Amino acid sequence: MAGLAAGEPALRLEGVTKLFGTVTAVDGVDLAIAEGEFFSLLGPSGCGKSTLLRMMAGLESPSAGRILIGGADMTGTPAYGRPVNMMFQSYALFPHMSVEDNIAFGLRQDGVKRAEIRERVAAMLALVQLEGLGRRRPGQLSGGQRQRVALARCLVKRPKVVLLDEPLAALDKRLRQRTQFELMRIQNEVGLTFVMVTHDQEEAMTLSTRIAVMENGRILQVGRPRDIYERPAGRQVADFIGTANFFEGTAAGYRDGHLAVAVEGLAAPLLAALDGESGDRAGGPVTLMVRPERIALSRTPPAGTDAVLTGTVAAVAYHGDASQYRVELAGGRSVLVTAANFGHDAAAIDRGEAVFLAIPPSAARVVP
Amino acid sequence: MTAAGGENGARMVGASRLGLLSLLGFGYAFLYLPILVLMVWSFNKSRLVVIWGGLSTRWYGVLAHDPRFLDAAWLSLKVAATSATLALVLGTLAAVALVRFGDFRGRNLFMALIAAPLVMPDVIIGLALLLMFVALGQTVGWPSQRGFTTLVIAHATIAMTYVAVVVRARLGQMDHSLEEAAMDLGARPAKAFALITLPLLAPSLAAGWLLAFTLSLDDVVVAQFVTGPGATTLPIEVFSSVRMGVSPEINALGTIIVLVVAVGILAAWRLMRARA
Ligand SMILES: Nc1ncnc2c1ncn2[C@@H]1O[C@H](COP(=O)(O)OP(=O)(O)OP(=O)(O)O)[C@@H](O)[C@H]1O
Ligand SMILES: [Mg+2]
């Protein structure tokens with residue numbers, strides 16, 4: 001874009017903090033979001049996601065820190081002066097205006113010419129597949145249609161950053177999945193930078209180029225979905241994104257390019273991937289994380305060098321495509337295992353059966 | 001519970017419903033019978049108020065040519081319209097301040113203070129206003145005399161409370177993110193208020209204005225205190241002429257007032273319900 005220094009992020013936050021009285025809603029957040037990204041703020045309810053988004057929009061002013069949009073400091077610029085547009089969780093459609101007038105509202109504020117407004121509104125209606133509904137009032141639309149009007153309204157001005165506050169939360173599950181793909185298509189087509197707030201980790205993983213995981217107003221980790229899932233920066237992140245088994249133990253030494261960890265109650269040491277780590281951990285305490293789908297479940301002892309554990313199936317949850325098993329190990333510890341249901345041996349495993357668990361070396365990760 | 005007990009219960013519910021209905025009927029008769037009587041008598045041909053002389057609209061004709069009542073009616077309408085407009089502006093500002101300026105210190109106190117005049121006796125309000133006008137007249141020389149201006153100020157003072165209550169209720173229900181969305185899309189705060197909040201508030205504003213208008217139109221007590229020579233409102237005129245004896249002309253006037261007020265209240269009520 002004109003006037004932008006090369007490589008300048010679309011949005012940059014520096015030490016942004018927000019206090020509400022004595023409550024710290026957002027606590028020293030640093031972020032740089034590149035142009036064209038689909039960036040998600042993910043975290044549990046009350047962690048400060050919406051507050052952070054509202055500060056980006058200019059609807060809330062930070063207690064400390066700086067907000068730069070396209071390289072320009074906009075910390076003190078009010079909402080109406082910022083080149084960003086927000087889609088509200090409640091959609092906030094103007095009930096006394098038609099769909100067209102809702103979408104045209106932003107352009108009218110900028111004094112865009114009538115003919116151009118008509119053209120751009122029509123293009124937006126086509127983009128969100130609402131042609132022919134432009135004359136309706138928001139009250140005459142379904143929830144899914146309203147959601148698309150709200151999206152069109154915040155895209156039509158082609159803002160530098162599009163802010164979405166839980167854009168899919170009000171939709172039912174099926175529609176939400178379909179709309180996820182819609183949202184990806186639309187972002188691809190318009191090529192704008194998106195920042196989305198969500199508490200749904202699947203949604204964040206599906207849509208985002210990068211995710212920031214938040215808790216208590218702080219950012220715990222920023223990374224691509226795969227990195228966050230496979231290399232969580234801590235136990236909180238691992239727990240929040242998907243399900244995880246944790247093993248605490250002592251590093252026993254290095255073996256075949258892996259870290260061997262002795263875990264109390266387990267006969268064999270667990271082998272963990274090193275991830276290019278170079279320091280010597282031998283003798284120190286280590287927490288390992290193993291995702292449930294990385295553990296192999298069988299009735300007969302598996303061959304190979306995997307760490308093998310034995311236990312009893314305590315519970316089975318059938319999900320159709322896969323099943324989740326809770327296996328109690330000899331030492332009283334329980335482990336979650338997910339196995340696909342495509343007719344192999346595992347599909348028939350029932351509660352109370354004795355089973356073997358195999359954990360391949362690359363499955364276990366050291367959690368910092 | 002047994003089946004028999006259930007049947008018994010149903011019969012008791014039926015009986016108590018009948019009782020409730022008759023109570024309701026009695027209540028409404030109590031409220032509206034006197035007005036109905038007045039309306040019927042206004043079509044009495046006879047000059048004597050309590051002797052039926054046949055159906056006629058004669059007294060409506062007499063009324064239409066009586067300058068006393070016409071002047072008073074014109075003054076009352078002017079006072080009502082002006083004071084309702086003033087009350088609308090002041091009451092709306094108060095409501096916006098109370099709802100939008102967050103949890104400022106003493107907000108609850110202000111809320112209570114806004115509602116208090118609703119239950120204050122008119123005599124007290126009238127007396128207080130009179131004392132204030134007299135004191136003002138003596139110290140700053142304004143208002144130099146009592147009449148139209150003091151009537152408008154007094155009625156606006158009373159009615160702005162009602163306006164504030166009506167508008168505040170609607171504003172409190174409104175999603176604040178609508179205004180935020182307008183600002184996010186580039187509208188300055190004043191424009192966002194004018195383009196989004198005001199139109200959505202319009203039914204309540206109209207209701208508030210009509211309420212204020214009717215309140216002013218039928219006030220006697222406060223007007224007695226704050227008006228002066230040469231500025232007699234319709235209710236005062238009616239009141240003083242009744243003391244000379246009830247004439248059929250008054251019945252006709254009363255019927256017209258009842259209709260105007262009823263239409264006003266009904267419209268206000270419908271507007272308040274609309275889009276709520
Ligand atoms: N206007 C406000 N006044 C006081 N406290 C507030 C205000 N807005 C938010 N908070 C507090 O700040 C914290 C973060 O709120 P925020 O709305 O950002 O959470 P969130 O992550 O969006 O949660 P959710 O997923 O439930 O929407 C909460 O503890 C909340 O109570
Ligand atoms: Mg939120």
# chains A, B, ... in the order shown; residues from 1 in each chain; ligands from 1

call {"tool": "residues_near_ligand", "arguments": {"ligand": "ligand 2", "cutoff": "8 Å", "atoms": "only C-alpha atoms and all ligand atoms", "output": "PyMOL selection string"}}
result
chain A and resi 45-46+48-51+89+165-166+197-198

call {"tool": "residues_near_ligand", "arguments": {"ligand": "ligand 1", "cutoff": "12 Å", "atoms": "only C-alpha atoms and all ligand atoms", "output": "MDAnalysis selection string"}}
result
(chainID A and resid 17:27 41:55 59:61 88:90 164:167 169 196:200 213:219) or (chainID B and resid 101:103 176)

call {"tool": "closest_residue", "arguments": {"among": "B:Leu127, B:Ile153, B:Ile256, B:Ile196", "to": "Gln224 (chain B)", "atoms": "only C-alpha atoms"}}
result
B:Leu127

call {"tool": "closest_residue", "arguments": {"among": "B:Ser241, B:Ser177, B:Ser204, B:Thr214", "to": "chain A", "atoms": "only C-alpha atoms"}}
result
B:Ser177

call {"tool": "atom_distance", "arguments": {"atom1": "CA of Leu77 (chain B)", "atom2": "CA of Val152 (chain B)"}}
result
10.9 Å

call {"tool": "closest_residue", "arguments": {"among": "A:Leu68, A:Ala79, A:Leu11, A:Leu183", "to": "chain B", "atoms": "only C-alpha atoms"}}
result
A:Ala79

call {"tool": "closest_atom_pairs", "arguments": {"of": "chain B", "to": "chain A", "cutoff": "8 Å", "atoms": "only C-alpha atoms", "output": "tab-separated table"}}
result
residue	atom	partner	partner_atom	distance
B:Asp175	CA	A:Ala92	CA	7.6
B:Ser177	CA	A:Ala92	CA	5.8
B:Leu178	CA	A:Ala92	CA	4.9
B:Glu180	CA	A:Leu59	CA	7.1
B:Ala181	CA	A:Ala92	CA	6.5
B:Ala182	CA	A:Gly106	CA	7.7
B:Met183	CA	A:Tyr80	CA	5.0
B:Asp184	CA	A:Ala79	CA	5.1
B:Leu185	CA	A:Gly106	CA	4.6
B:Gly186	CA	A:Tyr80	CA	4.1
B:Ala187	CA	A:Tyr80	CA	5.8
B:Arg188	CA	A:Tyr80	CA	6.2
B:Ile196	CA	A:Phe94	CA	7.1
B:Pro199	CA	A:His96	CA	7.6
B:Leu200	CA	A:His96	CA	7.1

call {"tool": "select_by_dssp", "arguments": {"residues": "region 161-248 of chain A", "states": "strand (DSSP E)", "output": "PyMOL selection string"}}
result
chain A and resi 161-165+193-198+210-215+218-223+245-248

call {"tool": "select_by_dssp", "arguments": {"residues": "region 211-248 of chain A", "states": "helix (DSSP H, G or I)", "output": "VMD selection string"}}
result
chain A and resid 225 to 230 235 to 240

call {"tool": "residues_around", "arguments": {"residues": "region 137-148 of chain B", "least_positions_apart": "3", "cutoff": "6 Å", "atoms": "only C-alpha atoms", "output": "ChimeraX atom specification"}}
result
/B:133-134,151,227-228,231

call {"tool": "write_last_selection", "arguments": {"atoms": "N, CA, C and O atoms", "output": "compact mmCIF listing (two decimals), in the first residue's frame"}}
result
# COMPACT_ATOMS: atom_id res chain seq x y z
N PHE B 133 -40.56 31.83 41.18
CA PHE B 133 -40.80 32.89 40.19
C PHE B 133 -40.84 34.26 40.86
O PHE B 133 -40.30 35.24 40.34
N VAL B 134 -41.46 34.32 42.03
CA VAL B 134 -41.55 35.59 42.74
C VAL B 134 -40.15 36.06 43.14
O VAL B 134 -39.76 37.21 42.92
N LEU B 151 -46.14 29.53 32.91
CA LEU B 151 -46.89 28.29 32.71
C LEU B 151 -46.04 27.26 31.96
O LEU B 151 -45.97 26.09 32.34
N THR B 227 -49.91 31.01 37.13
CA THR B 227 -50.42 31.88 36.08
C THR B 227 -50.78 33.25 36.66
O THR B 227 -50.77 33.45 37.89
N GLY B 228 -51.04 34.16 35.78
CA GLY B 228 -51.36 35.51 36.24
C GLY B 228 -52.61 36.02 35.55
O GLY B 228 -53.24 35.28 34.78
N ALA B 231 -54.11 35.34 31.68
CA ALA B 231 -53.63 34.08 31.11
C ALA B 231 -54.36 32.94 31.80
O ALA B 231 -53.85 32.35 32.74

call {"tool": "closest_residue", "arguments": {"among": "A:Leu336, A:Ala354, A:Ala251, A:Val367", "to": "Tyr229 (chain A)", "atoms": "only C-alpha atoms"}}
result
A:Val367

call {"tool": "atom_distance", "arguments": {"atom1": "CA of Ala364 (chain A)", "atom2": "CA of Ala348 (chain A)"}}
result
26.3 Å

call {"tool": "residues_around", "arguments": {"residues": "Asn188 (chain A)", "least_positions_apart": "4", "cutoff": "12 Å", "atoms": "only C-alpha atoms", "output": "short mmCIF file (atom, residue, chain, number, x, y, z; two decimals) with N, CA, C and O atoms, in the first residue's frame"}}
result
data_model
loop_
_atom_site.label_atom_id
_atom_site.label_comp_id
_atom_site.auth_asym_id
_atom_site.auth_seq_id
_atom_site.Cartn_x
_atom_site.Cartn_y
_atom_site.Cartn_z
N GLY A 36 -2.34 -9.42 5.14
CA GLY A 36 -2.91 -10.60 4.51
C GLY A 36 -3.07 -11.79 5.44
O GLY A 36 -3.56 -12.83 5.03
N GLU A 37 -2.68 -11.63 6.69
CA GLU A 37 -2.81 -12.74 7.63
C GLU A 37 -4.25 -12.95 8.06
O GLU A 37 -5.07 -12.02 8.04
N PHE A 38 -4.56 -14.18 8.46
CA PHE A 38 -5.80 -14.46 9.19
C PHE A 38 -5.34 -14.85 10.58
O PHE A 38 -4.91 -15.96 10.82
N LEU A 127 -20.57 -11.05 -3.08
CA LEU A 127 -19.48 -11.75 -2.39
C LEU A 127 -20.03 -12.63 -1.26
O LEU A 127 -19.58 -13.75 -1.07
N PHE A 181 -15.61 -22.30 5.96
CA PHE A 181 -15.05 -22.36 4.61
C PHE A 181 -15.39 -21.11 3.83
O PHE A 181 -14.57 -20.59 3.07
N GLU A 182 -16.63 -20.61 4.02
CA GLU A 182 -17.05 -19.36 3.40
C GLU A 182 -16.10 -18.23 3.77
O GLU A 182 -15.68 -17.43 2.94
N LEU A 183 -15.81 -18.17 5.06
CA LEU A 183 -14.98 -17.09 5.58
C LEU A 183 -13.58 -17.16 4.96
O LEU A 183 -12.99 -16.14 4.60
N MET A 184 -13.07 -18.39 4.82
CA MET A 184 -11.75 -18.56 4.20
C MET A 184 -11.78 -18.10 2.75
O MET A 184 -10.88 -17.41 2.29
N LEU A 192 -7.71 -9.09 2.48
CA LEU A 192 -7.47 -8.17 3.59
C LEU A 192 -6.89 -8.91 4.78
O LEU A 192 -6.91 -10.15 4.84
N THR A 193 -6.39 -8.14 5.75
CA THR A 193 -5.87 -8.72 6.98
C THR A 193 -7.03 -8.94 7.96
O THR A 193 -7.79 -8.02 8.22
N PHE A 194 -7.17 -10.14 8.47
CA PHE A 194 -8.26 -10.45 9.40
C PHE A 194 -7.69 -10.73 10.79
O PHE A 194 -6.71 -11.44 10.92
N LEU A 207 -9.12 -21.86 10.57
CA LEU A 207 -9.12 -20.62 9.79
C LEU A 207 -7.78 -19.90 9.75
O LEU A 207 -7.49 -19.19 8.79
N THR A 209 -3.92 -18.34 9.92
CA THR A 209 -2.51 -18.52 9.57
C THR A 209 -1.68 -18.57 10.85
O THR A 209 -0.76 -19.35 10.96
#

call {"tool": "residues_around", "arguments": {"residues": "region 115-117 of chain B", "least_positions_apart": "6", "cutoff": "9 Å", "atoms": "only C-alpha atoms", "output": "short mmCIF file (atom, residue, chain, number, x, y, z; two decimals) with N, CA and C atoms, in the first residue's frame"}}
result
data_model
loop_
_atom_site.label_atom_id
_atom_site.label_comp_id
_atom_site.auth_asym_id
_atom_site.auth_seq_id
_atom_site.Cartn_x
_atom_site.Cartn_y
_atom_site.Cartn_z
N ILE B 125 -45.50 21.35 44.31
CA ILE B 125 -44.74 21.79 43.13
C ILE B 125 -45.19 23.19 42.72
N ILE B 158 -42.46 19.74 35.24
CA ILE B 158 -43.15 18.52 35.66
C ILE B 158 -43.01 17.43 34.60
N THR B 161 -39.78 15.02 33.70
CA THR B 161 -39.61 13.81 34.49
C THR B 161 -40.21 12.61 33.76
N TYR B 162 -41.43 12.80 33.28
CA TYR B 162 -42.10 11.70 32.57
C TYR B 162 -41.34 11.35 31.30
N ALA B 164 -38.18 11.78 30.72
CA ALA B 164 -36.91 11.13 31.07
C ALA B 164 -37.14 9.65 31.40
N VAL B 165 -38.21 9.36 32.12
CA VAL B 165 -38.48 7.98 32.50
C VAL B 165 -38.78 7.13 31.27
#

call {"tool": "residues_around", "arguments": {"residues": "region 230-235 of chain A", "least_positions_apart": "3", "cutoff": "8 Å", "atoms": "only C-alpha atoms", "output": "PyMOL selection string"}}
result
chain A and resi 220-221+226-227+238-239+365+367-368

call {"tool": "write_last_selection", "arguments": {"atoms": "C-alpha atoms", "output": "PDB file, in the first residue's frame"}}
result
ATOM      1  CA  LEU A 220       0.962 -17.417  26.240  1.00  0.00           C
ATOM      2  CA  GLN A 221       2.087 -18.360  22.736  1.00  0.00           C
ATOM      3  CA  ARG A 226       0.514 -26.853  13.738  1.00  0.00           C
ATOM      4  CA  ASP A 227       3.281 -25.400  15.893  1.00  0.00           C
ATOM      5  CA  ALA A 238      -1.328 -27.851  25.516  1.00  0.00           C
ATOM      6  CA  ASP A 239      -4.381 -28.269  27.695  1.00  0.00           C
ATOM      7  CA  ARG A 365       7.280 -33.785  23.495  1.00  0.00           C
ATOM      8  CA  VAL A 367       6.851 -29.228  27.614  1.00  0.00           C
ATOM      9  CA  PRO A 368       8.839 -26.194  28.743  1.00  0.00           C
TER      10      PRO A 368
END

call {"tool": "closest_atom_pairs", "arguments": {"of": "region 198-268 of chain A", "to": "region 301-308 of chain A", "cutoff": "12 Å", "atoms": "only C-alpha atoms", "output": "CSV"}}
result
residue,atom,partner,partner_atom,distance
A:Arg255,CA,A:Thr305,CA,12.0
A:Asp256,CA,A:Thr305,CA,11.4
A:Ala260,CA,A:Ala307,CA,10.3
A:Val261,CA,A:Ala307,CA,10.8
A:Ala262,CA,A:Ala307,CA,11.0
A:Val263,CA,A:Ala307,CA,11.4
A:Leu266,CA,A:Val308,CA,9.0
A:Ala267,CA,A:Val308,CA,8.3
A:Ala268,CA,A:Ala307,CA,5.9

call {"tool": "write_last_selection", "arguments": {"atoms": "N, CA, C and O atoms", "output": "tab-separated table (two decimals), in the first residue's frame"}}
result
chain	number	residue	atom	x	y	z
A	255	ARG	N	19.31	-41.13	24.04
A	255	ARG	CA	19.37	-42.43	23.38
A	255	ARG	C	18.89	-42.25	21.94
A	255	ARG	O	17.79	-41.71	21.73
A	256	ASP	N	19.65	-42.61	20.97
A	256	ASP	CA	19.30	-42.56	19.54
A	256	ASP	C	18.76	-41.18	19.15
A	256	ASP	O	17.74	-41.09	18.46
A	260	ALA	N	15.61	-39.73	26.91
A	260	ALA	CA	14.91	-40.80	27.63
A	260	ALA	C	14.47	-40.26	28.99
A	260	ALA	O	15.26	-39.66	29.71
A	261	VAL	N	13.19	-40.45	29.29
A	261	VAL	CA	12.66	-39.92	30.54
A	261	VAL	C	12.07	-41.05	31.36
A	261	VAL	O	11.19	-41.80	30.90
A	262	ALA	N	12.55	-41.20	32.58
A	262	ALA	CA	12.01	-42.23	33.47
A	262	ALA	C	10.81	-41.65	34.19
A	262	ALA	O	10.90	-40.60	34.83
A	263	VAL	N	9.67	-42.32	34.04
A	263	VAL	CA	8.45	-41.84	34.68
A	263	VAL	C	8.04	-42.83	35.75
A	263	VAL	O	7.99	-44.04	35.50
A	266	LEU	N	5.91	-46.26	35.43
A	266	LEU	CA	6.02	-46.86	34.11
A	266	LEU	C	7.29	-47.71	34.05
A	266	LEU	O	8.35	-47.27	34.49
A	267	ALA	N	7.13	-48.91	33.49
A	267	ALA	CA	8.27	-49.83	33.46
A	267	ALA	C	9.37	-49.32	32.54
A	267	ALA	O	10.54	-49.29	32.92
A	268	ALA	N	8.96	-48.86	31.32
A	268	ALA	CA	9.97	-48.43	30.35
A	268	ALA	C	10.09	-46.92	30.34
A	268	ALA	O	9.10	-46.22	30.56

call {"tool": "atom_distance", "arguments": {"atom1": "CA of Phe213 (chain B)", "atom2": "CA of Arg270 (chain B)"}}
result
15.8 Å

call {"tool": "closest_residue", "arguments": {"among": "B:Ser247, B:Leu129, B:Ala192, B:Ile265", "to": "Ser46 (chain B)", "atoms": "only C-alpha atoms"}}
result
B:Ser247

call {"tool": "closest_residue", "arguments": {"among": "B:Val258, B:Met160, B:Ala252, B:Thr197", "to": "Ala212 (chain B)", "atoms": "only C-alpha atoms"}}
result
B:Met160
